[in-house]
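Novice: I'd like to ask you about the structure that follows.
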Protein chains: 2
Amino acid sequence: MENITEMLKGVLEGCVLEIISRGETYGYEITHQLRELGFTDVVEGTVYTITMRLEKNNWVDIERRPSTMGPPRKFYTLNAAGQEELKAFWRKWDFVSSKINELKAK
Amino acid sequence: MENITEMLKGVLEGCVLEIISRGETYGYEITHQLRELGFTDVVEGTVYTITMRLEKNNWVDIERRPSTMGPPRKFYTLNAAGQEELKAFWRKWDFVSSKINELKAK
DNA sequence: ACAGGTATATAGTATTGCAGAGTAGCTTGC
DNA sequence: GCAAGCTACTCTGCAATACTATATACCTGT
């Protein structure tokens, strides 16, 4: 897919929230899930800046655990504030996407 | 609607392209059309930066004409490159929005 | 004269995704 | 033992974009 960078701004964070809400997970795995979704160019650095933001905003709980596959993993789970934020994200997404599809159809 | 600024990044420009493609129009009117669409907080300055970008990228033809309602208007029409860009925008939108809706539904 | 709507223009700021690189742990094969 | 390759987190600097705030200017109505 051609360059979709700008279009991902403001939605990638929401996608990460949604992925974490499905169950405890960590940065590297989130990256791979986003790529599997179709956003093939997402790199670890990008996801890292997002998870750092989630931490800073206190939307996630964190637990560090060792891995047999490499260095320790930092597992994230959504806390109450994070779940509120996720809801807000989908509200915004439904609004914006419906408006844009309206424009497209008209 | 709560703050949708970040979500508009990368799509607002496409909306402006679409609006211009419907027929010759100018910045101030584009702003009002976006507001009518539902993006009520869009201001003239924002649209101006977008139209400047369209000019810079040579996606529009420009004609300046006097108005009976105030200062002269700068009318925009999409040229061939602009129409290509509009098509590319919708391709990207369809891709990204389908992936996000897929994530939402899963 | 003044207020208010119409209309373009611009400087400065915040947010966000990305490129590029570094550090570190574990497994496999030579 | 050790290099290669995957796993995994971290950090810096950058580019793109929407917004804030303001300035300028034209016209109409009071």
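Quick note on naming: the chains in the structure tokens go A, B, ... in the order shown, residues restart at 1 in each chain, and ligands are numbered from 1 in order of appearance.
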Please find the residues of chain B near chain A - the criterion being any atom within 8 Å, counting only C-alpha atoms - and write them as a ChimeraX atom specification.

Specialist: /B:1-2,4,6-11,15,18,37-38,92-93,96-97,99-100,103-104

Novice: Using only C-alpha atoms (C1' of nucleotides), determine which residues of chain C fall within 8 Å of chain B; present them as a list in words.

Specialist: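 Listing them in order of chain and number gives DT6, DA7, DT8, DT15 and DT16 of chain C.
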
Novice: May I have all residues of stretch 34-92 of chain A that DSSP, computed from the backbone, assigns to strand (DSSP E), given as a list in words?

Specialist: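 Answer for stretch 34-92 of chain A restricted to strand (DSSP E) is Val60, Asp61, Ile62, Glu63, Arg64, Arg65, Arg73, Lys74, Phe75, Tyr76, Thr77 and Leu78 of chain A.
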
Novice: Residues as selected, N, CA and C atoms, written as an mmCIF file, in the first residue's frame, can you do that?

Specialist:
```cif
data_model
loop_
_atom_site.group_PDB
_atom_site.id
_atom_site.type_symbol
_atom_site.label_atom_id
_atom_site.label_comp_id
_atom_site.auth_asym_id
_atom_site.auth_seq_id
_atom_site.Cartn_x
_atom_site.Cartn_y
_atom_site.Cartn_z
ATOM 1 N N VAL A 60 -2.471 2.201 31.192
ATOM 2 C CA VAL A 60 -2.116 0.776 31.217
ATOM 3 C C VAL A 60 -1.431 0.391 32.520
ATOM 4 N N ASP A 61 -1.595 -0.871 32.869
ATOM 5 C CA ASP A 61 -0.792 -1.451 33.941
ATOM 6 C C ASP A 61 0.331 -2.242 33.288
ATOM 7 N N ILE A 62 1.469 -2.269 33.960
ATOM 8 C CA ILE A 62 2.661 -2.857 33.362
ATOM 9 C C ILE A 62 3.220 -3.968 34.243
ATOM 10 N N GLU A 63 3.638 -5.035 33.589
ATOM 11 C CA GLU A 63 4.330 -6.083 34.321
ATOM 12 C C GLU A 63 5.468 -6.609 33.473
ATOM 13 N N ARG A 64 6.651 -6.665 34.066
ATOM 14 C CA ARG A 64 7.826 -7.139 33.341
ATOM 15 C C ARG A 64 8.056 -8.594 33.701
ATOM 16 N N ARG A 65 8.164 -9.419 32.660
ATOM 17 C CA ARG A 65 8.374 -10.845 32.910
ATOM 18 C C ARG A 65 9.408 -11.405 31.952
ATOM 19 N N ARG A 73 10.050 -9.310 28.657
ATOM 20 C CA ARG A 73 8.972 -8.591 27.963
ATOM 21 C C ARG A 73 8.261 -7.674 28.936
ATOM 22 N N LYS A 74 7.741 -6.603 28.377
ATOM 23 C CA LYS A 74 6.958 -5.671 29.192
ATOM 24 C C LYS A 74 5.501 -5.845 28.807
ATOM 25 N N PHE A 75 4.752 -6.500 29.672
ATOM 26 C CA PHE A 75 3.353 -6.791 29.363
ATOM 27 C C PHE A 75 2.433 -5.647 29.773
ATOM 28 N N TYR A 76 1.515 -5.329 28.900
ATOM 29 C CA TYR A 76 0.561 -4.242 29.161
ATOM 30 C C TYR A 76 -0.858 -4.789 29.298
ATOM 31 N N THR A 77 -1.580 -4.207 30.246
ATOM 32 C CA THR A 77 -3.029 -4.442 30.301
ATOM 33 C C THR A 77 -3.726 -3.097 30.468
ATOM 34 N N LEU A 78 -4.910 -2.963 29.887
ATOM 35 C CA LEU A 78 -5.660 -1.710 30.019
ATOM 36 C C LEU A 78 -6.229 -1.593 31.427
#
```

Novice: Could you list the residues in chain D lying within 12 Å of chain A, using only C-alpha atoms (C1' of nucleotides), and format the result as a ChimeraX atom specification?

Specialist: /D:5-12,15-18

Novice: Which of stretch 6-103 of chain B end up as helix (DSSP H, G or I) when DSSP is run on this backbone - answer as number ranges by chain?

Specialist: B: 6-8, 12-21, 27-37, 44-56, 80-103

Novice: May I have chain B as a compact mmCIF listing (two decimals) with N, CA, C and O atoms, in the first residue's frame, after a least-squares superposition on chain A that uses all C-alpha atoms paired in order?

Specialist:
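The file below, result.txt, is the result:
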```txt
# COMPACT_ATOMS: atom_id res chain seq x y z
N MET B 1 0.83 -1.28 -0.03
CA MET B 1 -0.01 -0.06 -0.01
C MET B 1 0.87 1.18 0.01
O MET B 1 1.87 1.23 0.71
N GLU B 2 0.48 2.16 -0.77
CA GLU B 2 1.23 3.41 -0.79
C GLU B 2 1.26 4.05 0.60
O GLU B 2 0.70 3.52 1.54
N ASN B 3 1.90 5.15 0.70
CA ASN B 3 2.14 5.76 2.02
C ASN B 3 0.88 6.17 2.77
O ASN B 3 0.17 7.07 2.38
N ILE B 4 0.63 5.50 3.86
CA ILE B 4 -0.57 5.79 4.65
C ILE B 4 -0.21 6.40 6.01
O ILE B 4 -1.06 6.50 6.90
N THR B 5 1.04 6.81 6.13
CA THR B 5 1.54 7.34 7.40
C THR B 5 0.61 8.39 8.00
O THR B 5 0.20 8.29 9.16
N GLU B 6 0.30 9.40 7.21
CA GLU B 6 -0.47 10.51 7.75
C GLU B 6 -1.87 10.09 8.16
O GLU B 6 -2.43 10.61 9.10
N MET B 7 -2.40 9.11 7.41
CA MET B 7 -3.74 8.65 7.72
C MET B 7 -3.79 7.83 9.01
O MET B 7 -4.83 7.69 9.62
N LEU B 8 -2.64 7.31 9.39
CA LEU B 8 -2.58 6.51 10.61
C LEU B 8 -2.49 7.37 11.86
O LEU B 8 -2.75 6.90 12.97
N LYS B 9 -2.14 8.63 11.65
CA LYS B 9 -2.03 9.52 12.81
C LYS B 9 -3.38 9.63 13.50
O LYS B 9 -4.39 9.91 12.88
N GLY B 10 -3.37 9.38 14.77
CA GLY B 10 -4.60 9.50 15.53
C GLY B 10 -5.41 8.23 15.58
O GLY B 10 -6.37 8.14 16.34
N VAL B 11 -5.06 7.24 14.74
CA VAL B 11 -5.81 5.99 14.82
C VAL B 11 -4.93 4.83 15.30
O VAL B 11 -5.42 3.87 15.88
N LEU B 12 -3.64 4.97 15.09
CA LEU B 12 -2.75 3.88 15.49
C LEU B 12 -2.80 3.66 17.00
O LEU B 12 -2.82 2.51 17.46
N GLU B 13 -2.82 4.73 17.72
CA GLU B 13 -2.89 4.62 19.18
C GLU B 13 -4.16 3.85 19.60
O GLU B 13 -4.10 2.98 20.45
N GLY B 14 -5.27 4.17 18.96
CA GLY B 14 -6.52 3.47 19.25
C GLY B 14 -6.42 1.99 18.91
O GLY B 14 -6.94 1.15 19.65
N CYS B 15 -5.74 1.68 17.82
CA CYS B 15 -5.56 0.27 17.45
C CYS B 15 -4.77 -0.47 18.51
O CYS B 15 -5.09 -1.61 18.86
N VAL B 16 -3.76 0.20 19.03
CA VAL B 16 -2.94 -0.42 20.07
C VAL B 16 -3.77 -0.64 21.33
O VAL B 16 -3.71 -1.71 21.96
N LEU B 17 -4.57 0.33 21.68
CA LEU B 17 -5.45 0.18 22.84
C LEU B 17 -6.37 -1.03 22.65
O LEU B 17 -6.55 -1.84 23.56
N GLU B 18 -6.94 -1.13 21.45
CA GLU B 18 -7.85 -2.24 21.16
C GLU B 18 -7.13 -3.58 21.27
O GLU B 18 -7.65 -4.54 21.85
N ILE B 19 -5.93 -3.65 20.73
CA ILE B 19 -5.16 -4.89 20.77
C ILE B 19 -4.84 -5.28 22.22
O ILE B 19 -4.99 -6.44 22.60
N ILE B 20 -4.44 -4.29 23.01
CA ILE B 20 -4.13 -4.59 24.41
C ILE B 20 -5.39 -5.04 25.15
O ILE B 20 -5.34 -5.94 26.00
N SER B 21 -6.53 -4.47 24.77
CA SER B 21 -7.77 -4.81 25.47
C SER B 21 -8.17 -6.26 25.25
O SER B 21 -8.93 -6.84 26.03
N ARG B 22 -7.66 -6.85 24.16
CA ARG B 22 -7.97 -8.27 23.87
C ARG B 22 -7.25 -9.22 24.82
O ARG B 22 -7.54 -10.41 24.87
N GLY B 23 -6.24 -8.69 25.52
CA GLY B 23 -5.49 -9.53 26.44
C GLY B 23 -4.06 -9.04 26.54
O GLY B 23 -3.51 -8.48 25.59
N GLU B 24 -3.51 -9.24 27.72
CA GLU B 24 -2.14 -8.87 28.04
C GLU B 24 -1.18 -9.14 26.88
O GLU B 24 -1.16 -10.24 26.35
N THR B 25 -0.42 -8.12 26.50
CA THR B 25 0.54 -8.30 25.41
C THR B 25 1.68 -7.30 25.55
O THR B 25 1.65 -6.46 26.43
N TYR B 26 2.66 -7.42 24.66
CA TYR B 26 3.84 -6.56 24.78
C TYR B 26 4.18 -5.95 23.43
O TYR B 26 3.68 -6.40 22.39
N GLY B 27 5.03 -4.92 23.46
CA GLY B 27 5.32 -4.11 22.29
C GLY B 27 5.63 -4.86 21.01
O GLY B 27 5.04 -4.59 19.97
N TYR B 28 6.56 -5.77 21.10
CA TYR B 28 7.01 -6.49 19.91
C TYR B 28 5.86 -7.28 19.28
O TYR B 28 5.72 -7.32 18.06
N GLU B 29 5.03 -7.85 20.14
CA GLU B 29 3.90 -8.63 19.64
C GLU B 29 2.84 -7.71 19.04
O GLU B 29 2.23 -8.03 18.02
N ILE B 30 2.64 -6.57 19.66
CA ILE B 30 1.68 -5.59 19.14
C ILE B 30 2.07 -5.17 17.72
O ILE B 30 1.24 -5.11 16.81
N THR B 31 3.37 -4.92 17.54
CA THR B 31 3.88 -4.56 16.22
C THR B 31 3.50 -5.62 15.19
O THR B 31 3.00 -5.30 14.11
N HIS B 32 3.71 -6.87 15.55
CA HIS B 32 3.41 -7.94 14.61
C HIS B 32 1.92 -8.07 14.34
O HIS B 32 1.52 -8.39 13.21
N GLN B 33 1.13 -7.81 15.35
CA GLN B 33 -0.33 -7.88 15.14
C GLN B 33 -0.80 -6.77 14.20
O GLN B 33 -1.68 -6.99 13.37
N LEU B 34 -0.20 -5.60 14.33
CA LEU B 34 -0.56 -4.49 13.44
C LEU B 34 -0.16 -4.82 12.00
O LEU B 34 -0.88 -4.53 11.05
N ARG B 35 1.00 -5.45 11.87
CA ARG B 35 1.44 -5.83 10.53
C ARG B 35 0.52 -6.87 9.93
O ARG B 35 0.21 -6.82 8.74
N GLU B 36 0.11 -7.79 10.77
CA GLU B 36 -0.79 -8.85 10.29
C GLU B 36 -2.13 -8.24 9.86
O GLU B 36 -2.73 -8.69 8.89
N LEU B 37 -2.54 -7.22 10.58
CA LEU B 37 -3.78 -6.51 10.26
C LEU B 37 -3.71 -5.92 8.85
O LEU B 37 -4.73 -5.75 8.19
N GLY B 38 -2.50 -5.57 8.41
CA GLY B 38 -2.36 -4.98 7.09
C GLY B 38 -1.46 -3.76 7.08
O GLY B 38 -1.04 -3.29 6.03
N PHE B 39 -1.16 -3.25 8.28
CA PHE B 39 -0.29 -2.08 8.38
C PHE B 39 1.16 -2.57 8.41
O PHE B 39 1.86 -2.47 9.42
N THR B 40 1.58 -3.05 7.24
CA THR B 40 2.83 -3.81 7.14
C THR B 40 4.08 -3.00 7.43
O THR B 40 5.14 -3.57 7.68
N ASP B 41 3.97 -1.68 7.34
CA ASP B 41 5.17 -0.87 7.50
C ASP B 41 5.39 -0.36 8.92
O ASP B 41 6.37 0.35 9.18
N VAL B 42 4.49 -0.71 9.81
CA VAL B 42 4.66 -0.26 11.19
C VAL B 42 5.89 -0.93 11.79
O VAL B 42 6.09 -2.13 11.65
N VAL B 43 6.73 -0.12 12.42
CA VAL B 43 7.96 -0.64 13.01
C VAL B 43 7.92 -0.55 14.53
O VAL B 43 7.09 0.14 15.10
N GLU B 44 8.85 -1.24 15.14
CA GLU B 44 8.86 -1.29 16.61
C GLU B 44 8.95 0.08 17.25
O GLU B 44 8.31 0.35 18.27
N GLY B 45 9.77 0.95 16.67
CA GLY B 45 9.95 2.29 17.24
C GLY B 45 8.64 3.05 17.35
O GLY B 45 8.40 3.74 18.35
N THR B 46 7.81 2.89 16.34
CA THR B 46 6.51 3.56 16.35
C THR B 46 5.64 3.06 17.49
O THR B 46 5.05 3.84 18.24
N VAL B 47 5.58 1.74 17.61
CA VAL B 47 4.76 1.16 18.67
C VAL B 47 5.32 1.54 20.03
O VAL B 47 4.56 1.82 20.98
N TYR B 48 6.62 1.58 20.10
CA TYR B 48 7.23 1.95 21.38
C TYR B 48 6.80 3.34 21.83
O TYR B 48 6.43 3.54 22.99
N THR B 49 6.82 4.30 20.91
CA THR B 49 6.41 5.66 21.29
C THR B 49 4.95 5.67 21.75
O THR B 49 4.58 6.43 22.64
N ILE B 50 4.15 4.81 21.15
CA ILE B 50 2.74 4.75 21.56
C ILE B 50 2.60 4.15 22.95
O ILE B 50 1.92 4.71 23.81
N THR B 51 3.27 3.04 23.18
CA THR B 51 3.15 2.41 24.50
C THR B 51 3.71 3.33 25.59
O THR B 51 3.17 3.38 26.69
N MET B 52 4.77 4.06 25.26
CA MET B 52 5.30 5.03 26.23
C MET B 52 4.24 6.07 26.57
O MET B 52 4.12 6.50 27.71
N ARG B 53 3.48 6.47 25.55
CA ARG B 53 2.44 7.47 25.76
C ARG B 53 1.32 6.89 26.64
O ARG B 53 0.80 7.57 27.52
N LEU B 54 0.98 5.63 26.38
CA LEU B 54 -0.06 4.98 27.19
C LEU B 54 0.38 4.92 28.66
O LEU B 54 -0.42 5.17 29.56
N GLU B 55 1.64 4.61 28.85
CA GLU B 55 2.20 4.59 30.22
C GLU B 55 2.08 5.96 30.86
O GLU B 55 1.59 6.11 31.97
N LYS B 56 2.56 6.94 30.11
CA LYS B 56 2.60 8.31 30.62
C LYS B 56 1.20 8.80 30.99
O LYS B 56 1.03 9.53 31.98
N ASN B 57 0.21 8.41 30.20
CA ASN B 57 -1.16 8.83 30.45
C ASN B 57 -1.86 7.95 31.48
O ASN B 57 -3.04 8.15 31.75
N ASN B 58 -1.13 6.97 31.96
CA ASN B 58 -1.70 6.06 32.96
C ASN B 58 -2.94 5.33 32.47
O ASN B 58 -3.95 5.25 33.17
N TRP B 59 -2.84 4.80 31.27
CA TRP B 59 -3.96 4.05 30.72
C TRP B 59 -3.71 2.54 30.78
O TRP B 59 -4.56 1.75 30.40
N VAL B 60 -2.50 2.17 31.18
CA VAL B 60 -2.13 0.74 31.21
C VAL B 60 -1.45 0.36 32.51
O VAL B 60 -0.83 1.20 33.16
N ASP B 61 -1.61 -0.91 32.86
CA ASP B 61 -0.80 -1.48 33.94
C ASP B 61 0.33 -2.26 33.28
O ASP B 61 0.16 -2.83 32.20
N ILE B 62 1.45 -2.28 33.94
CA ILE B 62 2.65 -2.87 33.35
C ILE B 62 3.21 -3.98 34.23
O ILE B 62 3.24 -3.86 35.45
N GLU B 63 3.64 -5.04 33.58
CA GLU B 63 4.34 -6.09 34.32
C GLU B 63 5.50 -6.59 33.47
O GLU B 63 5.32 -6.94 32.30
N ARG B 64 6.65 -6.64 34.04
CA ARG B 64 7.83 -7.09 33.33
C ARG B 64 8.08 -8.56 33.67
O ARG B 64 8.18 -8.91 34.84
N ARG B 65 8.20 -9.36 32.63
CA ARG B 65 8.42 -10.79 32.89
C ARG B 65 9.46 -11.33 31.92
O ARG B 65 9.51 -10.93 30.76
N PRO B 66 10.29 -12.26 32.37
CA PRO B 66 11.33 -12.84 31.51
C PRO B 66 10.72 -13.64 30.36
O PRO B 66 9.58 -14.08 30.45
N SER B 67 11.48 -13.77 29.30
CA SER B 67 11.04 -14.56 28.16
C SER B 67 12.10 -15.61 27.86
O SER B 67 13.28 -15.40 28.09
N THR B 68 11.65 -16.73 27.34
CA THR B 68 12.62 -17.77 26.96
C THR B 68 13.17 -17.50 25.57
O THR B 68 14.11 -18.13 25.12
N MET B 69 12.58 -16.53 24.89
CA MET B 69 12.95 -16.23 23.50
C MET B 69 13.90 -15.05 23.35
O MET B 69 14.25 -14.69 22.23
N GLY B 70 14.23 -14.38 24.43
CA GLY B 70 15.06 -13.19 24.34
C GLY B 70 15.00 -12.40 25.63
O GLY B 70 14.73 -12.97 26.68
N PRO B 71 15.22 -11.11 25.53
CA PRO B 71 15.19 -10.26 26.73
C PRO B 71 13.80 -10.20 27.33
O PRO B 71 12.82 -10.59 26.69
N PRO B 72 13.69 -9.71 28.56
CA PRO B 72 12.40 -9.66 29.25
C PRO B 72 11.36 -8.84 28.48
O PRO B 72 11.70 -7.91 27.76
N ARG B 73 10.11 -9.21 28.62
CA ARG B 73 9.02 -8.51 27.95
C ARG B 73 8.29 -7.59 28.92
O ARG B 73 8.22 -7.89 30.11
N LYS B 74 7.73 -6.53 28.37
CA LYS B 74 6.95 -5.61 29.20
C LYS B 74 5.49 -5.80 28.81
O LYS B 74 5.05 -5.35 27.75
N PHE B 75 4.76 -6.47 29.66
CA PHE B 75 3.37 -6.78 29.36
C PHE B 75 2.44 -5.65 29.78
O PHE B 75 2.57 -5.11 30.87
N TYR B 76 1.51 -5.34 28.88
CA TYR B 76 0.56 -4.26 29.16
C TYR B 76 -0.86 -4.81 29.29
O TYR B 76 -1.25 -5.72 28.55
N THR B 77 -1.61 -4.24 30.23
CA THR B 77 -3.05 -4.47 30.29
C THR B 77 -3.74 -3.12 30.46
O THR B 77 -3.19 -2.22 31.10
N LEU B 78 -4.92 -2.98 29.89
CA LEU B 78 -5.67 -1.73 30.04
C LEU B 78 -6.24 -1.62 31.44
O LEU B 78 -6.84 -2.56 31.94
N ASN B 79 -6.08 -0.47 32.06
CA ASN B 79 -6.79 -0.23 33.32
C ASN B 79 -8.11 0.49 33.00
O ASN B 79 -8.47 0.64 31.84
N ALA B 80 -8.81 0.92 34.03
CA ALA B 80 -10.13 1.53 33.82
C ALA B 80 -10.04 2.76 32.92
O ALA B 80 -10.85 2.94 32.00
N ALA B 81 -9.03 3.60 33.18
CA ALA B 81 -8.88 4.82 32.36
C ALA B 81 -8.60 4.45 30.91
O ALA B 81 -9.10 5.11 29.99
N GLY B 82 -7.81 3.42 30.70
CA GLY B 82 -7.50 2.97 29.35
C GLY B 82 -8.73 2.47 28.62
O GLY B 82 -8.89 2.70 27.41
N GLN B 83 -9.60 1.81 29.36
CA GLN B 83 -10.82 1.30 28.73
C GLN B 83 -11.77 2.44 28.36
O GLN B 83 -12.42 2.40 27.32
N GLU B 84 -11.79 3.47 29.20
CA GLU B 84 -12.56 4.67 28.88
C GLU B 84 -12.03 5.30 27.60
O GLU B 84 -12.77 5.71 26.72
N GLU B 85 -10.71 5.39 27.54
CA GLU B 85 -10.06 5.99 26.39
C GLU B 85 -10.35 5.20 25.12
O GLU B 85 -10.56 5.76 24.05
N LEU B 86 -10.35 3.89 25.25
CA LEU B 86 -10.67 3.03 24.11
C LEU B 86 -12.09 3.29 23.62
O LEU B 86 -12.33 3.41 22.40
N LYS B 87 -13.01 3.41 24.56
CA LYS B 87 -14.40 3.72 24.18
C LYS B 87 -14.46 5.05 23.45
O LYS B 87 -15.15 5.19 22.44
N ALA B 88 -13.75 6.04 24.01
CA ALA B 88 -13.73 7.38 23.39
C ALA B 88 -13.16 7.29 21.99
O ALA B 88 -13.64 7.96 21.06
N PHE B 89 -12.13 6.47 21.81
CA PHE B 89 -11.54 6.30 20.49
C PHE B 89 -12.55 5.78 19.49
O PHE B 89 -12.70 6.33 18.39
N TRP B 90 -13.28 4.77 19.85
CA TRP B 90 -14.26 4.20 18.91
C TRP B 90 -15.40 5.18 18.63
O TRP B 90 -15.91 5.23 17.51
N ARG B 91 -15.78 5.94 19.66
CA ARG B 91 -16.79 6.98 19.43
C ARG B 91 -16.30 7.96 18.38
O ARG B 91 -17.02 8.28 17.44
N LYS B 92 -15.06 8.41 18.53
CA LYS B 92 -14.49 9.37 17.58
C LYS B 92 -14.34 8.75 16.20
O LYS B 92 -14.65 9.37 15.19
N TRP B 93 -13.88 7.51 16.18
CA TRP B 93 -13.72 6.82 14.90
C TRP B 93 -15.04 6.70 14.16
O TRP B 93 -15.13 6.97 12.96
N ASP B 94 -16.07 6.28 14.89
CA ASP B 94 -17.38 6.11 14.25
C ASP B 94 -17.88 7.44 13.70
O ASP B 94 -18.43 7.50 12.59
N PHE B 95 -17.66 8.49 14.45
CA PHE B 95 -18.07 9.82 14.01
C PHE B 95 -17.33 10.24 12.75
O PHE B 95 -17.93 10.52 11.71
N VAL B 96 -16.01 10.24 12.85
CA VAL B 96 -15.19 10.72 11.73
C VAL B 96 -15.38 9.85 10.49
O VAL B 96 -15.59 10.37 9.38
N SER B 97 -15.36 8.53 10.66
CA SER B 97 -15.45 7.67 9.48
C SER B 97 -16.83 7.78 8.83
O SER B 97 -16.96 7.74 7.61
N SER B 98 -17.86 7.96 9.65
CA SER B 98 -19.19 8.10 9.06
C SER B 98 -19.29 9.40 8.26
O SER B 98 -19.88 9.43 7.18
N LYS B 99 -18.69 10.46 8.78
CA LYS B 99 -18.73 11.74 8.07
C LYS B 99 -17.97 11.65 6.76
O LYS B 99 -18.41 12.21 5.73
N ILE B 100 -16.85 10.99 6.78
CA ILE B 100 -16.04 10.90 5.57
C ILE B 100 -16.73 10.01 4.53
O ILE B 100 -16.75 10.32 3.34
N ASN B 101 -17.33 8.94 5.00
CA ASN B 101 -18.06 8.09 4.06
C ASN B 101 -19.28 8.81 3.49
O ASN B 101 -19.65 8.59 2.33
N GLU B 102 -19.85 9.66 4.30
CA GLU B 102 -20.97 10.49 3.85
C GLU B 102 -20.50 11.41 2.72
O GLU B 102 -21.16 11.52 1.68
N LEU B 103 -19.37 12.03 2.93
CA LEU B 103 -18.80 12.92 1.91
C LEU B 103 -18.50 12.15 0.62
O LEU B 103 -18.77 12.62 -0.48
N LYS B 104 -17.99 10.95 0.81
CA LYS B 104 -17.62 10.12 -0.33
C LYS B 104 -18.85 9.73 -1.15
O LYS B 104 -18.81 9.73 -2.38
N ALA B 105 -19.92 9.42 -0.45
CA ALA B 105 -21.12 8.91 -1.11
C ALA B 105 -21.92 10.00 -1.79
O ALA B 105 -22.59 9.75 -2.79
N LYS B 106 -21.82 11.21 -1.22
CA LYS B 106 -22.69 12.30 -1.68
C LYS B 106 -22.41 12.70 -3.12
O LYS B 106 -21.32 12.66 -3.60
```

Novice: So how many Å separate atom C1' of D:DA4 and atom C1' of C:DG20, to one decimal?

Specialist: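 The value is 21.2 Å.
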
Novice: Report, in Å to a single decimal, how far apart atom C1' of D:DA3 and atom C1' of C:DA21 are.

Specialist: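 So the two atoms, atom C1' of C:DA21 and atom C1' of D:DA3, lie 20.7 Å apart.
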